[in-house]
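Trainee: Would you mind keeping the following structure in view while I ask a few things?
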Amino acid sequence: MVSVIKATVITLMAVSRVLFNPLWSSASGHLTASIKNNFMAVSKRSFSRLEITKNLALISKEKINSKITNLKLHDQTGRPCVLLLSWLMAKRKHMQKFVDYYLNQDCDVLCINITPWQLLWPTKGTQIVAADILKFIDNNYLNSQCLLHGFSVGAYLWAEVMVQMAAQQDRYRPVMDKFVGQVWDSAADVTEISVGLPVAVFPKNFVMQKALAQYILYHMRTFDKVATRHYVRASQMFTTNLIKSPAQIFISKTDPIGTETSNLRVKETWENMGIKVYFKCWEKSPHVGHFLKHREEYLEHLDKFLEEIGFGVTSSERLKAKL
């Protein structure tokens, strides 16, 4: 009996660490508010990383002026910008392969992440991050194209951005018009977070997954005003979609989080709205693991999509670079 009680206490302590500590980060165990501008070398290439907020970091092939006022860069780079909305608990090294890909397209990359706490408490979490995203894009890349590339819960975060744009559509029409394309990899319906969040937080601990899943169900029943109703609204907004540019969707039939059913429903709705949708569904592939499992095919589809929408480096320029 004592051992059971002890195990239960440890489980609850671990869950509460995730749910009630806003300073707990998926990437490093803590968050820092400092602004820094560092050069890093990856694949023999140098790039500049500017930490804009706790959740936003801008990466560019060239040095970025670290002066930023009210989320506005003092110097515009003039390059296209990719909004890379990461999956929950994604580490920097996980996203680096996608950063490298877009840097090779001569684009800047805005890396965006949220913590489990921010997901569960949207009015003080994801909606604050969404406001920062909207303000940053509104203030910068004034004459440049933008592209969305989101993974899993990144779809929900972007939906929260669209909720804010929808409240002032005339005001944010220029922001919507900046986006020439959107890529969604394993997009997850946030109303199913009781399935995805436990696996993301405790990927190898089934007992903890079960405990967290039970809490999330309780959380969604109890905190409708500050959580659940916002999830429902965001889910509706993602499906109706204010961004009418072409979309590339990557999913698999075996993904229990970004399900084939929900993504097919989104595809059908978007096509009925006049959005051109490129759809790739693998028979077997893990959640947010399509790139690792099917690298060549993934890149083939992504290259073709970017060429179709005229974003980044053209295919002829890529061929020259390879030669």
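Chain lettering (A, B, ...) mirrors the order of the structure tokens, residue numbering begins at 1 for each chain separately, and ligand numbering begins at 1 in order of display.
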With only C-alpha atoms counted and 8 Å as the cut-off, give the residues of region 103-128 of chain A in contact with region 55-60 of chain A, each with its shortest interatomic distance in Å and the pair that gives it, as a tab-separated table.
Mentor:
```
residue	atom	partner	partner_atom	distance
A:Leu103	CA	A:Ser60	CA	6.9
A:Cys107	CA	A:Ser60	CA	7.2
A:Asp108	CA	A:Ser60	CA	4.8
A:Val109	CA	A:Ile59	CA	5.1
A:Leu110	CA	A:Leu58	CA	4.5
A:Cys111	CA	A:Ala57	CA	5.2
A:Ile112	CA	A:Leu56	CA	4.9
A:Asn113	CA	A:Asn55	CA	5.3
A:Ile114	CA	A:Asn55	CA	6.3
```
Trainee: Write the residues of the preceding selection, restricted to N, CA and C atoms, as a short mmCIF file (atom, residue, chain, number, x, y, z; two decimals), in the first residue's frame.
Mentor:
```cif
data_model
loop_
_atom_site.label_atom_id
_atom_site.label_comp_id
_atom_site.auth_asym_id
_atom_site.auth_seq_id
_atom_site.Cartn_x
_atom_site.Cartn_y
_atom_site.Cartn_z
N LEU A 103 16.93 27.59 -45.16
CA LEU A 103 18.07 28.50 -45.33
C LEU A 103 18.69 28.29 -46.70
N CYS A 107 15.88 31.70 -47.51
CA CYS A 107 14.79 32.27 -46.71
C CYS A 107 15.26 32.51 -45.28
N ASP A 108 14.58 33.41 -44.58
CA ASP A 108 14.70 33.50 -43.14
C ASP A 108 13.70 32.53 -42.54
N VAL A 109 13.98 32.08 -41.31
CA VAL A 109 13.09 31.12 -40.65
C VAL A 109 12.73 31.64 -39.27
N LEU A 110 11.44 31.78 -39.02
CA LEU A 110 10.96 32.14 -37.69
C LEU A 110 10.54 30.85 -36.98
N CYS A 111 11.37 30.40 -36.04
CA CYS A 111 11.09 29.17 -35.30
C CYS A 111 10.16 29.50 -34.13
N ILE A 112 9.08 28.73 -34.02
CA ILE A 112 8.04 29.02 -33.03
C ILE A 112 7.73 27.76 -32.25
N ASN A 113 7.67 27.89 -30.93
CA ASN A 113 7.32 26.74 -30.09
C ASN A 113 6.43 27.18 -28.94
N ILE A 114 5.71 26.23 -28.38
CA ILE A 114 4.94 26.47 -27.16
C ILE A 114 5.23 25.34 -26.18
#
```
Trainee: Neighbours of Phe279 (chain A) within 7 Å (only C-alpha atoms; same-chain residues fewer than 2 positions away dropped), as a list in words?
Mentor: Gln248, Ile249, Phe250, Val277 and Cys281 of chain A
Trainee: Have a look at A:Phe238, A:Phe305, A:Phe47, A:Trp158 and name the one nearest to Asp132 (chain A); count only C-alpha atoms.
Mentor: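 Closest to Asp132 (chain A), using only C-alpha atoms: A:Trp158.
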Trainee: Can you tell me which residues surround region 285-293 of chain A at a distance of at most 6 Å, considering only C-alpha atoms, apart from same-chain residues fewer than 3 positions away, and format the answer as a list of chain:residue names?
Mentor: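 Once the nearby chain positions are removed, what remains is A:Ser186, A:Ser252, A:Asp255, A:Tyr298.
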Trainee: Using only C-alpha atoms, pick whichever of A:Ser194, A:Asn272, A:Gln168, A:Gln118 has the shortest atom-to-atom distance to Val226 (chain A).
Mentor: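 Once distances to Val226 (chain A) are computed over only C-alpha atoms, the minimum belongs to A:Gln118.
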Trainee: Fewer than 6 positions away in the same chain doesn't count, so skip those; otherwise give me all residues within 9 Å of Gln76 (chain A), counting only C-alpha atoms, as a PyMOL selection string.
Mentor: chain A and resi 64-65+140-142
Trainee: From region 44-113 of chain A, collect each residue whose DSSP state is helix (DSSP H, G or I) and return the set as a VMD selection string.
Mentor: chain A and resid 92 to 103
Trainee: So which one's closest to Ala188 (chain A), A:Glu307, A:Met237, A:Ser152, A:Leu134? Using only C-alpha atoms, please.
Mentor: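 Ranked by minimum distance to Ala188 (chain A), first place goes to A:Ser152.
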Trainee: Point out the residue among A:Tyr101, A:Tyr215, A:Phe136, A:Phe311 with the least atom-to-atom distance to Ile52 (chain A), counting only C-alpha atoms.
Mentor: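 So, comparing all the options, the nearest one is A:Phe136.
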Trainee: Calculate how many Å separate CA of Ser46 (chain A) from CA of Lys63 (chain A), rounding to one decimal.
Mentor: 9.3 Å
Trainee: Rounded to one decimal place, report the CA of Gln145 (chain A)-CA of Val82 (chain A) distance in Å.
Mentor: 8.7 Å
Trainee: In terms of the shortest atom-to-atom distance over only C-alpha atoms, which of A:Pro174, A:Asn104, A:Arg229, A:Asn139 is closest to Asp75 (chain A)?
Mentor: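 Of the candidates, the smallest distance to Asp75 (chain A) is held by A:Asn139.
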Trainee: Give me the residues within 9 Å of Ala159 (chain A) as a PyMOL selection string, counting only C-alpha atoms and dropping any in the same chain fewer than 5 places off.
Mentor: chain A and resi 130+154+164+233-239+241
Trainee: Output the selection as a CSV table (one decimal), in the first residue's frame - C-alpha atoms for each residue.
Mentor:
```csv
chain,number,residue,atom,x,y,z
A,130,ALA,CA,-0.2,34.0,-31.1
A,154,GLY,CA,1.5,24.0,-34.5
A,164,GLN,CA,-7.1,37.2,-33.7
A,233,ARG,CA,-13.0,27.9,-31.7
A,234,ALA,CA,-9.5,27.3,-32.9
A,235,SER,CA,-10.4,24.0,-34.4
A,236,GLN,CA,-13.2,25.6,-36.3
A,237,MET,CA,-10.9,28.4,-37.5
A,238,PHE,CA,-8.3,26.0,-38.8
A,239,THR,CA,-10.9,24.2,-40.8
A,241,ASN,CA,-9.0,28.9,-42.8
```
Trainee: With distances taken over only C-alpha atoms, which residue among A:Asp189, A:Glu283, A:Glu296, A:Asp224 lies nearest Lys253 (chain A)?
Mentor: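 Comparing A:Asp189, A:Glu283, A:Glu296, A:Asp224 against Lys253 (chain A), the winner is A:Glu283.
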Trainee: Between CA of Glu271 (chain A) and CA of Val153 (chain A), what is the spacing in Å?
Mentor: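 It comes out at 22.1 Å.
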